[in-house]
Amino acid sequence: MESRCPVLDTTGRDIHGEAARLRALGPATRVELPGGVLAWSVTRAEVIKKLLADSRVTKNARNYWPKFINGEIPPDWEMISWVAMDNMVTATGKDQVRLRRLVGKAFTPKRTEAIRPRIVALTNMLLDALAAAGPDEVVDLRERFAYPLPAMLVAELIGMDEQARAATAKVIDMMVDTTVTPEQAQSVLAGWRGAMDELIATKRANPGEDITSDLIAARDEDGSRLSEQELADTIFAILGAGSETTINFFDNAITALLTHPGQLELVKSGEVAWSEVIDETLRVESPLASLPLRYAMEDIDLGDGVTIPKGDPILVNYAAIGRDPAMHGESACEFDITRADKEHLSFGHGPHFCLGAGIARLVATVGLSSLFERYPNLALAVEPAELEPLSTFIMNGHRALPVHLKGAESAAAQ
């Protein structure tokens, strides 16, 4: 498909620079996605906030994206997994309320607090394993800590064993990679659907104390509450959303603190709370960069002569929100845990606000505080500029986070 629109960089090498350039072009700008598909990229905080709460905007492709409905979007489109789902993330109106009610029971404050001991146990297990590293050994903290902590926790919450989790993780990693080929895209879709079918079959035969078993019970008790596809797709949404974003959060938070030692000392001394670190990281380095896709249910006038036509896809750039100078001034791109206003929308806004935000904050607090208490002399093993970004414009993180543990653990951990 020919286009004079900016082509999004699928390698994700300059997410923030690209967002700033698009922001300068207007309240929304048409961009080209993989496969020549066009969408409206939105990078201004004020416009994004309005669109996320606008009842004229939906995430349901099967009912509101003409090109998807008419078969113009091929089944091997590079980003097909993001639009082929049927769950609480893509549902609209009454369907979305119905599905969120079913899932929301697993994320109440009481149930969130109940899993604190398990979060602590997983964190300590991973930190204990790091102690085997030699004083001069380079440790990939993304692979050894940032990745497994949220991934293992969410897998346990949905009742998935470690072998299945490891296999499914490869599929999720490919799903967020925007450099995949059409053949790989088809494989990704088949892979996660197959994994969910297998998990559901296992849990139907042997139900347990987990979200999957609860949803199966609701489905089998009354099919009108949850279709079989909604069941599978909702479980996958919980697995993907609950792991990938938190993995990148840890990656970004650790990187920011190690490259701002003065601010790290403020947290270690207790002058600044870990909650401030969490919100400032989510503001300046949103773990989710641009989320595919939303759709205009009718023409939407954004002002400045820009109207998103009915049926057109919309790509919300979450990484751009906290760095918008209109929201946070000229220092918007600077990491500063002491700033008073840390407003961000990294947990979403409006009807699709993240149900797991409470768990994510708890995991972040336990994980970061424990890591820096156990390894107070942690340091990057490379220059910050040498950290390689993930090959995606969907997520914001690094391929690896090489560090030196700097020898001894803290006395408190010994």
# chains A, B, ... in the order shown; residues from 1 in each chain; ligands from 1

$ select_by_dssp --residues "region 117-280 of chain A" --states "helix (DSSP H, G or I)" --output "VMD selection string"
chain A and resid 117 to 130 141 to 146 148 to 158 162 to 176 182 to 205 211 to 221 223 to 225 228 to 258 261 to 268 274 to 280

$ select_by_dssp --residues "region 149-351 of chain A" --states "strand (DSSP E or B)" --output "PyMOL selection string"
chain A and resi 288+290-296+300-303+306-308+313-317

$ write_last_selection --atoms "N, CA, C and O atoms" --output "CSV table (one decimal), in the first residue's frame"
chain,number,residue,atom,x,y,z
A,288,LEU,N,4.5,0.6,28.4
A,288,LEU,CA,3.8,0.4,27.1
A,288,LEU,C,3.9,1.6,26.3
A,288,LEU,O,3.6,2.7,26.7
A,290,SER,N,3.1,2.2,22.4
A,290,SER,CA,1.9,2.5,21.6
A,290,SER,C,1.0,1.2,21.6
A,290,SER,O,1.5,0.1,21.1
A,291,LEU,N,-0.2,1.3,22.0
A,291,LEU,CA,-1.1,0.1,22.1
A,291,LEU,C,-2.0,0.0,20.9
A,291,LEU,O,-2.9,0.8,20.7
A,292,PRO,N,-1.9,-1.1,20.1
A,292,PRO,CA,-2.9,-1.4,19.0
A,292,PRO,C,-4.2,-2.0,19.6
A,292,PRO,O,-4.1,-2.8,20.5
A,293,LEU,N,-5.2,-1.7,19.1
A,293,LEU,CA,-5.7,-0.5,18.3
A,293,LEU,C,-7.0,-0.1,18.9
A,293,LEU,O,-7.8,-0.9,19.4
A,294,ARG,N,-7.4,1.1,18.7
A,294,ARG,CA,-8.8,1.6,18.9
A,294,ARG,C,-9.4,2.0,17.6
A,294,ARG,O,-8.7,2.3,16.6
A,295,TYR,N,-10.7,2.3,17.6
A,295,TYR,CA,-11.4,2.6,16.3
A,295,TYR,C,-12.5,3.7,16.6
A,295,TYR,O,-13.1,3.7,17.6
A,296,ALA,N,-12.6,4.6,15.7
A,296,ALA,CA,-13.6,5.7,15.8
A,296,ALA,C,-14.9,5.1,15.4
A,296,ALA,O,-15.1,4.6,14.2
A,300,ILE,N,-14.7,11.9,14.6
A,300,ILE,CA,-14.3,12.6,15.8
A,300,ILE,C,-13.4,13.8,15.5
A,300,ILE,O,-12.3,13.7,14.9
A,301,ASP,N,-13.9,15.0,15.7
A,301,ASP,CA,-13.2,16.2,15.5
A,301,ASP,C,-12.3,16.5,16.6
A,301,ASP,O,-12.7,16.7,17.8
A,302,LEU,N,-11.0,16.6,16.4
A,302,LEU,CA,-10.0,16.8,17.4
A,302,LEU,C,-9.6,18.3,17.4
A,302,LEU,O,-8.7,18.7,18.3
A,303,GLY,N,-10.1,19.1,16.5
A,303,GLY,CA,-9.7,20.5,16.5
A,303,GLY,C,-8.5,20.6,15.6
A,303,GLY,O,-7.9,19.7,15.1
A,306,VAL,N,-8.3,18.7,12.3
A,306,VAL,CA,-8.1,17.3,12.2
A,306,VAL,C,-9.3,16.5,12.7
A,306,VAL,O,-9.8,16.7,13.8
A,307,THR,N,-9.8,15.6,11.8
A,307,THR,CA,-10.9,14.8,12.1
A,307,THR,C,-10.6,13.3,11.9
A,307,THR,O,-10.1,13.0,10.8
A,308,ILE,N,-10.8,12.5,12.8
A,308,ILE,CA,-10.6,11.1,12.6
A,308,ILE,C,-11.9,10.5,12.1
A,308,ILE,O,-12.9,10.5,12.8
A,313,PRO,N,-8.6,3.3,12.4
A,313,PRO,CA,-7.9,2.8,13.6
A,313,PRO,C,-7.1,3.9,14.3
A,313,PRO,O,-6.7,4.9,13.6
A,314,ILE,N,-7.0,3.8,15.6
A,314,ILE,CA,-6.3,4.8,16.4
A,314,ILE,C,-5.2,4.1,17.2
A,314,ILE,O,-5.5,3.1,17.8
A,315,LEU,N,-4.0,4.7,17.2
A,315,LEU,CA,-2.9,4.1,17.9
A,315,LEU,C,-2.5,5.1,19.0
A,315,LEU,O,-2.0,6.2,18.8
A,316,VAL,N,-2.8,4.8,20.3
A,316,VAL,CA,-2.6,5.7,21.4
A,316,VAL,C,-1.1,5.5,21.9
A,316,VAL,O,-0.7,4.3,22.2
A,317,ASN,N,-0.4,6.6,22.0
A,317,ASN,CA,1.0,6.5,22.4
A,317,ASN,C,1.2,6.8,23.8
A,317,ASN,O,1.2,8.0,24.2

$ residues_around --residues "Arg98 (chain A)" --least-positions-apart "2" --cutoff "12 Å" --atoms "only C-alpha atoms" --output "ChimeraX atom specification"
/A:87-89,91-96,100-105,218,224-227,230

$ write_last_selection --atoms "N, CA, C and O atoms" --output "CSV table (one decimal), in the first residue's frame"
chain,number,residue,atom,x,y,z
A,87,ASN,N,-12.3,-10.3,24.1
A,87,ASN,CA,-12.2,-10.3,25.6
A,87,ASN,C,-12.5,-9.0,26.2
A,87,ASN,O,-13.0,-8.1,25.5
A,88,MET,N,-12.3,-8.8,27.5
A,88,MET,CA,-12.7,-7.6,28.1
A,88,MET,C,-11.9,-6.4,27.6
A,88,MET,O,-12.3,-5.2,27.7
A,89,VAL,N,-10.7,-6.6,27.0
A,89,VAL,CA,-9.9,-5.6,26.5
A,89,VAL,C,-10.5,-5.0,25.2
A,89,VAL,O,-10.4,-3.8,24.9
A,91,ALA,N,-13.8,-5.6,24.2
A,91,ALA,CA,-15.2,-5.5,24.3
A,91,ALA,C,-15.7,-4.0,24.5
A,91,ALA,O,-14.9,-3.2,24.9
A,92,THR,N,-16.9,-3.8,24.1
A,92,THR,CA,-17.5,-2.4,24.2
A,92,THR,C,-18.8,-2.5,25.0
A,92,THR,O,-19.6,-3.5,24.9
A,93,GLY,N,-19.1,-1.4,25.7
A,93,GLY,CA,-20.4,-1.2,26.3
A,93,GLY,C,-20.7,-2.3,27.4
A,93,GLY,O,-19.9,-2.6,28.2
A,94,LYS,N,-22.0,-2.9,27.2
A,94,LYS,CA,-22.4,-3.9,28.2
A,94,LYS,C,-21.5,-5.1,28.2
A,94,LYS,O,-21.3,-5.7,29.3
A,95,ASP,N,-21.0,-5.5,27.1
A,95,ASP,CA,-20.1,-6.7,27.0
A,95,ASP,C,-18.9,-6.4,27.9
A,95,ASP,O,-18.4,-7.3,28.6
A,96,GLN,N,-18.3,-5.2,27.7
A,96,GLN,CA,-17.1,-4.9,28.5
A,96,GLN,C,-17.4,-4.9,30.0
A,96,GLN,O,-16.6,-5.4,30.8
A,100,ARG,N,-15.6,-7.4,32.7
A,100,ARG,CA,-14.7,-6.8,33.8
A,100,ARG,C,-15.3,-7.2,35.1
A,100,ARG,O,-14.5,-7.4,36.1
A,101,ARG,N,-16.6,-7.4,35.2
A,101,ARG,CA,-17.2,-7.8,36.5
A,101,ARG,C,-16.7,-9.2,36.9
A,101,ARG,O,-16.4,-9.6,38.0
A,102,LEU,N,-16.7,-10.1,35.8
A,102,LEU,CA,-16.2,-11.5,36.1
A,102,LEU,C,-14.8,-11.5,36.5
A,102,LEU,O,-14.4,-12.3,37.4
A,103,VAL,N,-13.9,-10.8,35.8
A,103,VAL,CA,-12.5,-10.8,36.1
A,103,VAL,C,-12.1,-10.0,37.3
A,103,VAL,O,-11.2,-10.3,38.1
A,104,GLY,N,-12.9,-8.9,37.6
A,104,GLY,CA,-12.5,-8.0,38.6
A,104,GLY,C,-12.5,-8.6,40.0
A,104,GLY,O,-11.8,-8.1,40.9
A,105,LYS,N,-13.2,-9.7,40.2
A,105,LYS,CA,-13.3,-10.3,41.5
A,105,LYS,C,-11.9,-10.8,42.0
A,105,LYS,O,-11.6,-11.0,43.1
A,218,ALA,N,-17.7,-20.0,35.9
A,218,ALA,CA,-18.7,-19.1,35.4
A,218,ALA,C,-19.2,-19.4,34.0
A,218,ALA,O,-20.4,-19.3,33.8
A,224,SER,N,-24.1,-17.7,28.9
A,224,SER,CA,-24.4,-16.4,28.5
A,224,SER,C,-23.5,-15.3,29.2
A,224,SER,O,-23.3,-14.2,28.7
A,225,ARG,N,-22.8,-15.8,30.2
A,225,ARG,CA,-21.9,-14.8,31.0
A,225,ARG,C,-20.5,-14.8,30.3
A,225,ARG,O,-19.8,-13.8,30.5
A,226,LEU,N,-20.2,-15.8,29.5
A,226,LEU,CA,-18.8,-15.9,29.0
A,226,LEU,C,-18.8,-16.9,27.9
A,226,LEU,O,-19.0,-18.1,28.1
A,227,SER,N,-18.5,-16.5,26.7
A,227,SER,CA,-18.3,-17.5,25.6
A,227,SER,C,-17.0,-18.2,25.7
A,227,SER,O,-16.1,-17.8,26.4
A,230,GLU,N,-14.3,-15.9,24.5
A,230,GLU,CA,-14.0,-14.8,25.5
A,230,GLU,C,-13.2,-15.4,26.7
A,230,GLU,O,-12.3,-14.7,27.2

$ closest_residue --among "A:Lys50, A:Ala164, A:Pro309, A:Ala133" --to "Met297 (chain A)" --atoms "only C-alpha atoms"
A:Pro309

$ closest_residue --among "A:Leu127, A:Ala132, A:Ala326, A:Ala39" --to "Arg144 (chain A)" --atoms "only C-alpha atoms"
A:Leu127

$ residues_around --residues "Ile359 (chain A)" --least-positions-apart "3" --cutoff "8 Å" --atoms "only C-alpha atoms" --output "list in words"
Phe107, Thr112, Gly356, Leu362 and Val363 of chain A

$ residues_around --residues "region 266-279 of chain A" --least-positions-apart "6" --cutoff "7 Å" --atoms "only C-alpha atoms" --output "list in words"
Ile337, Lys342 and Thr365 of chain A

$ write_last_selection --atoms "C-alpha atoms" --output "JSON list (two decimals), in the first residue's frame"
[["chain", "number", "residue", "atom", "x", "y", "z"],
["A", 337, "ILE", "CA", 11.38, 11.48, 41.73],
["A", 342, "LYS", "CA", 3.86, 12.86, 38.27],
["A", 365, "THR", "CA", 7.27, -1.95, 45.58]]

$ residues_around --residues "Ala232 (chain A)" --least-positions-apart "2" --cutoff "8 Å" --atoms "only C-alpha atoms" --output "list in words"
Arg193, Met196, Asp197, Ile200, Glu228, Gln229, Glu230, Thr234, Ile235 and Phe236 of chain A

$ write_last_selection --atoms "N, CA and C atoms" --output "tab-separated table (two decimals), in the first residue's frame"
chain	number	residue	atom	x	y	z
A	193	ARG	N	-3.37	-19.16	21.10
A	193	ARG	CA	-4.69	-19.79	21.16
A	193	ARG	C	-4.56	-21.25	21.59
A	196	MET	N	-3.79	-21.47	25.35
A	196	MET	CA	-4.96	-21.19	26.20
A	196	MET	C	-5.94	-22.37	26.17
A	197	ASP	N	-6.12	-22.96	25.01
A	197	ASP	CA	-7.01	-24.14	24.92
A	197	ASP	C	-6.50	-25.27	25.81
A	200	ILE	N	-7.08	-24.36	29.53
A	200	ILE	CA	-8.50	-24.49	29.88
A	200	ILE	C	-8.90	-25.96	30.02
A	228	GLU	N	-16.87	-19.29	24.98
A	228	GLU	CA	-15.62	-20.06	25.03
A	228	GLU	C	-14.45	-19.24	24.52
A	229	GLN	N	-14.66	-18.46	23.46
A	229	GLN	CA	-13.56	-17.63	22.94
A	229	GLN	C	-13.24	-16.50	23.91
A	230	GLU	N	-14.26	-15.89	24.51
A	230	GLU	CA	-14.01	-14.84	25.50
A	230	GLU	C	-13.22	-15.40	26.68
A	234	THR	N	-9.64	-13.86	27.31
A	234	THR	CA	-9.52	-13.08	28.54
A	234	THR	C	-8.36	-13.58	29.39
A	235	ILE	N	-8.20	-14.89	29.49
A	235	ILE	CA	-7.08	-15.45	30.25
A	235	ILE	C	-5.75	-15.01	29.64
A	236	PHE	N	-5.70	-15.04	28.31
A	236	PHE	CA	-4.46	-14.62	27.64
A	236	PHE	C	-4.19	-13.14	27.88

$ atom_distance --atom1 "CA of Arg111 (chain A)" --atom2 "CA of Thr202 (chain A)"
23.9 Å

$ residues_around --residues "Asp76 (chain A)" --least-positions-apart "2" --cutoff "8 Å" --atoms "only C-alpha atoms" --output "list in words"
Pro74, Glu78, Ile80, Pro182, Glu183, Ala185 and Gln186 of chain A

$ write_last_selection --atoms "all heavy atoms" --output "mmCIF file, in the first residue's frame"
data_model
loop_
_atom_site.group_PDB
_atom_site.id
_atom_site.type_symbol
_atom_site.label_atom_id
_atom_site.label_comp_id
_atom_site.auth_asym_id
_atom_site.auth_seq_id
_atom_site.Cartn_x
_atom_site.Cartn_y
_atom_site.Cartn_z
ATOM 1 N N PRO A 74 -5.473 -9.057 6.137
ATOM 2 C CA PRO A 74 -5.259 -10.495 5.951
ATOM 3 C C PRO A 74 -5.007 -11.222 7.263
ATOM 4 O O PRO A 74 -4.546 -10.615 8.239
ATOM 5 C CB PRO A 74 -4.020 -10.549 5.043
ATOM 6 C CG PRO A 74 -3.299 -9.271 5.310
ATOM 7 C CD PRO A 74 -4.365 -8.247 5.575
ATOM 8 N N GLU A 78 0.891 -8.673 10.220
ATOM 9 C CA GLU A 78 1.923 -8.737 11.256
ATOM 10 C C GLU A 78 1.391 -8.456 12.664
ATOM 11 O O GLU A 78 1.973 -8.911 13.654
ATOM 12 C CB GLU A 78 3.046 -7.731 10.938
ATOM 13 C CG GLU A 78 3.894 -8.118 9.732
ATOM 14 C CD GLU A 78 3.344 -7.600 8.409
ATOM 15 O OE1 GLU A 78 2.116 -7.351 8.327
ATOM 16 O OE2 GLU A 78 4.125 -7.439 7.459
ATOM 17 N N ILE A 80 -1.889 -9.081 13.682
ATOM 18 C CA ILE A 80 -3.226 -9.691 13.736
ATOM 19 C C ILE A 80 -3.634 -10.097 15.150
ATOM 20 O O ILE A 80 -4.823 -10.023 15.522
ATOM 21 C CB ILE A 80 -3.307 -10.907 12.775
ATOM 22 C CG1 ILE A 80 -4.763 -11.365 12.599
ATOM 23 C CG2 ILE A 80 -2.413 -12.036 13.241
ATOM 24 C CD1 ILE A 80 -5.661 -10.352 11.949
ATOM 25 N N PRO A 182 4.872 -11.927 8.334
ATOM 26 C CA PRO A 182 3.494 -12.435 8.316
ATOM 27 C C PRO A 182 3.406 -13.902 8.748
ATOM 28 O O PRO A 182 2.474 -14.284 9.455
ATOM 29 C CB PRO A 182 3.088 -12.263 6.853
ATOM 30 C CG PRO A 182 3.873 -11.075 6.394
ATOM 31 C CD PRO A 182 5.212 -11.228 7.077
ATOM 32 N N GLU A 183 4.375 -14.709 8.354
ATOM 33 C CA GLU A 183 4.378 -16.120 8.730
ATOM 34 C C GLU A 183 4.512 -16.263 10.250
ATOM 35 O O GLU A 183 3.823 -17.082 10.878
ATOM 36 C CB GLU A 183 5.526 -16.858 8.037
ATOM 37 C CG GLU A 183 5.384 -16.982 6.523
ATOM 38 C CD GLU A 183 5.697 -15.684 5.795
ATOM 39 O OE1 GLU A 183 6.367 -14.808 6.378
ATOM 40 O OE2 GLU A 183 5.246 -15.535 4.641
ATOM 41 N N ALA A 185 3.630 -14.021 12.423
ATOM 42 C CA ALA A 185 2.405 -13.485 13.019
ATOM 43 C C ALA A 185 1.328 -14.559 13.107
ATOM 44 O O ALA A 185 0.620 -14.667 14.117
ATOM 45 C CB ALA A 185 1.895 -12.294 12.209
ATOM 46 N N GLN A 186 1.188 -15.352 12.047
ATOM 47 C CA GLN A 186 0.215 -16.449 12.066
ATOM 48 C C GLN A 186 0.586 -17.482 13.131
ATOM 49 O O GLN A 186 -0.271 -18.009 13.830
ATOM 50 C CB GLN A 186 0.155 -17.122 10.694
ATOM 51 C CG GLN A 186 -0.793 -16.436 9.720
ATOM 52 C CD GLN A 186 -1.063 -17.308 8.505
ATOM 53 O OE1 GLN A 186 -0.144 -17.876 7.918
ATOM 54 N NE2 GLN A 186 -2.322 -17.408 8.127
#

$ closest_residue --among "A:Ala340, A:Ala289, A:Ile119, A:Ala84" --to "Arg13 (chain A)" --atoms "only C-alpha atoms"
A:Ala289

$ atom_distance --atom1 "CA of Leu345 (chain A)" --atom2 "CA of Ser369 (chain A)"
23.4 Å

$ atom_distance --atom1 "CA of Ala190 (chain A)" --atom2 "CA of Glu209 (chain A)"
27.3 Å

$ closest_residue --among "A:Ala114, A:Val120, A:Ala256, A:Leu157" --to "Glu280 (chain A)" --atoms "only C-alpha atoms"
A:Ala256

$ closest_residue --among "A:Cys333, A:Val42, A:Leu380, A:Leu371" --to "Leu126 (chain A)" --atoms "only C-alpha atoms"
A:Leu371

$ decode --residues "region 229-272 of chain A" --atoms "C-alpha atoms" --output "PDB file, in the first residue's frame"
ATOM      1  CA  GLN A 229     -13.563 -17.630  22.944  1.00  0.00           C
ATOM      2  CA  GLU A 230     -14.013 -14.843  25.499  1.00  0.00           C
ATOM      3  CA  LEU A 231     -12.814 -17.276  28.161  1.00  0.00           C
ATOM      4  CA  ALA A 232      -9.606 -18.142  26.298  1.00  0.00           C
ATOM      5  CA  ASP A 233      -8.898 -14.615  25.116  1.00  0.00           C
ATOM      6  CA  THR A 234      -9.517 -13.078  28.541  1.00  0.00           C
ATOM      7  CA  ILE A 235      -7.083 -15.447  30.253  1.00  0.00           C
ATOM      8  CA  PHE A 236      -4.462 -14.621  27.642  1.00  0.00           C
ATOM      9  CA  ALA A 237      -5.066 -10.877  28.113  1.00  0.00           C
ATOM     10  CA  ILE A 238      -4.445 -11.249  31.859  1.00  0.00           C
ATOM     11  CA  LEU A 239      -1.245 -13.208  31.220  1.00  0.00           C
ATOM     12  CA  GLY A 240       0.137 -10.808  28.622  1.00  0.00           C
ATOM     13  CA  ALA A 241      -0.886  -7.518  30.203  1.00  0.00           C
ATOM     14  CA  GLY A 242       0.121  -8.619  33.677  1.00  0.00           C
ATOM     15  CA  SER A 243       3.593  -9.717  32.705  1.00  0.00           C
ATOM     16  CA  GLU A 244       4.966  -7.706  29.756  1.00  0.00           C
ATOM     17  CA  THR A 245       4.218  -4.267  31.175  1.00  0.00           C
ATOM     18  CA  THR A 246       5.618  -5.044  34.623  1.00  0.00           C
ATOM     19  CA  ILE A 247       8.730  -6.630  33.125  1.00  0.00           C
ATOM     20  CA  ASN A 248       9.476  -3.410  31.267  1.00  0.00           C
ATOM     21  CA  PHE A 249       8.583  -1.314  34.302  1.00  0.00           C
ATOM     22  CA  PHE A 250      11.287  -3.071  36.357  1.00  0.00           C
ATOM     23  CA  ASP A 251      13.755  -2.719  33.499  1.00  0.00           C
ATOM     24  CA  ASN A 252      13.088   1.038  33.195  1.00  0.00           C
ATOM     25  CA  ALA A 253      12.940   1.748  36.936  1.00  0.00           C
ATOM     26  CA  ILE A 254      16.221  -0.042  37.673  1.00  0.00           C
ATOM     27  CA  THR A 255      17.913   1.684  34.729  1.00  0.00           C
ATOM     28  CA  ALA A 256      16.655   5.105  35.819  1.00  0.00           C
ATOM     29  CA  LEU A 257      17.815   4.657  39.412  1.00  0.00           C
ATOM     30  CA  LEU A 258      21.239   3.339  38.419  1.00  0.00           C
ATOM     31  CA  THR A 259      21.754   6.299  36.090  1.00  0.00           C
ATOM     32  CA  HIS A 260      20.556   8.792  38.734  1.00  0.00           C
ATOM     33  CA  PRO A 261      22.545   7.773  41.847  1.00  0.00           C
ATOM     34  CA  GLY A 262      21.591  10.896  43.772  1.00  0.00           C
ATOM     35  CA  GLN A 263      17.931  10.041  43.462  1.00  0.00           C
ATOM     36  CA  LEU A 264      18.599   6.407  44.358  1.00  0.00           C
ATOM     37  CA  GLU A 265      20.185   7.617  47.604  1.00  0.00           C
ATOM     38  CA  LEU A 266      17.037   9.622  48.403  1.00  0.00           C
ATOM     39  CA  VAL A 267      15.019   6.404  48.252  1.00  0.00           C
ATOM     40  CA  LYS A 268      17.546   4.308  50.163  1.00  0.00           C
ATOM     41  CA  SER A 269      17.636   6.904  52.943  1.00  0.00           C
ATOM     42  CA  GLY A 270      13.870   6.926  53.201  1.00  0.00           C
ATOM     43  CA  GLU A 271      13.562  10.592  52.198  1.00  0.00           C
ATOM     44  CA  VAL A 272      11.494   9.595  49.153  1.00  0.00           C
TER      45      VAL A 272
END
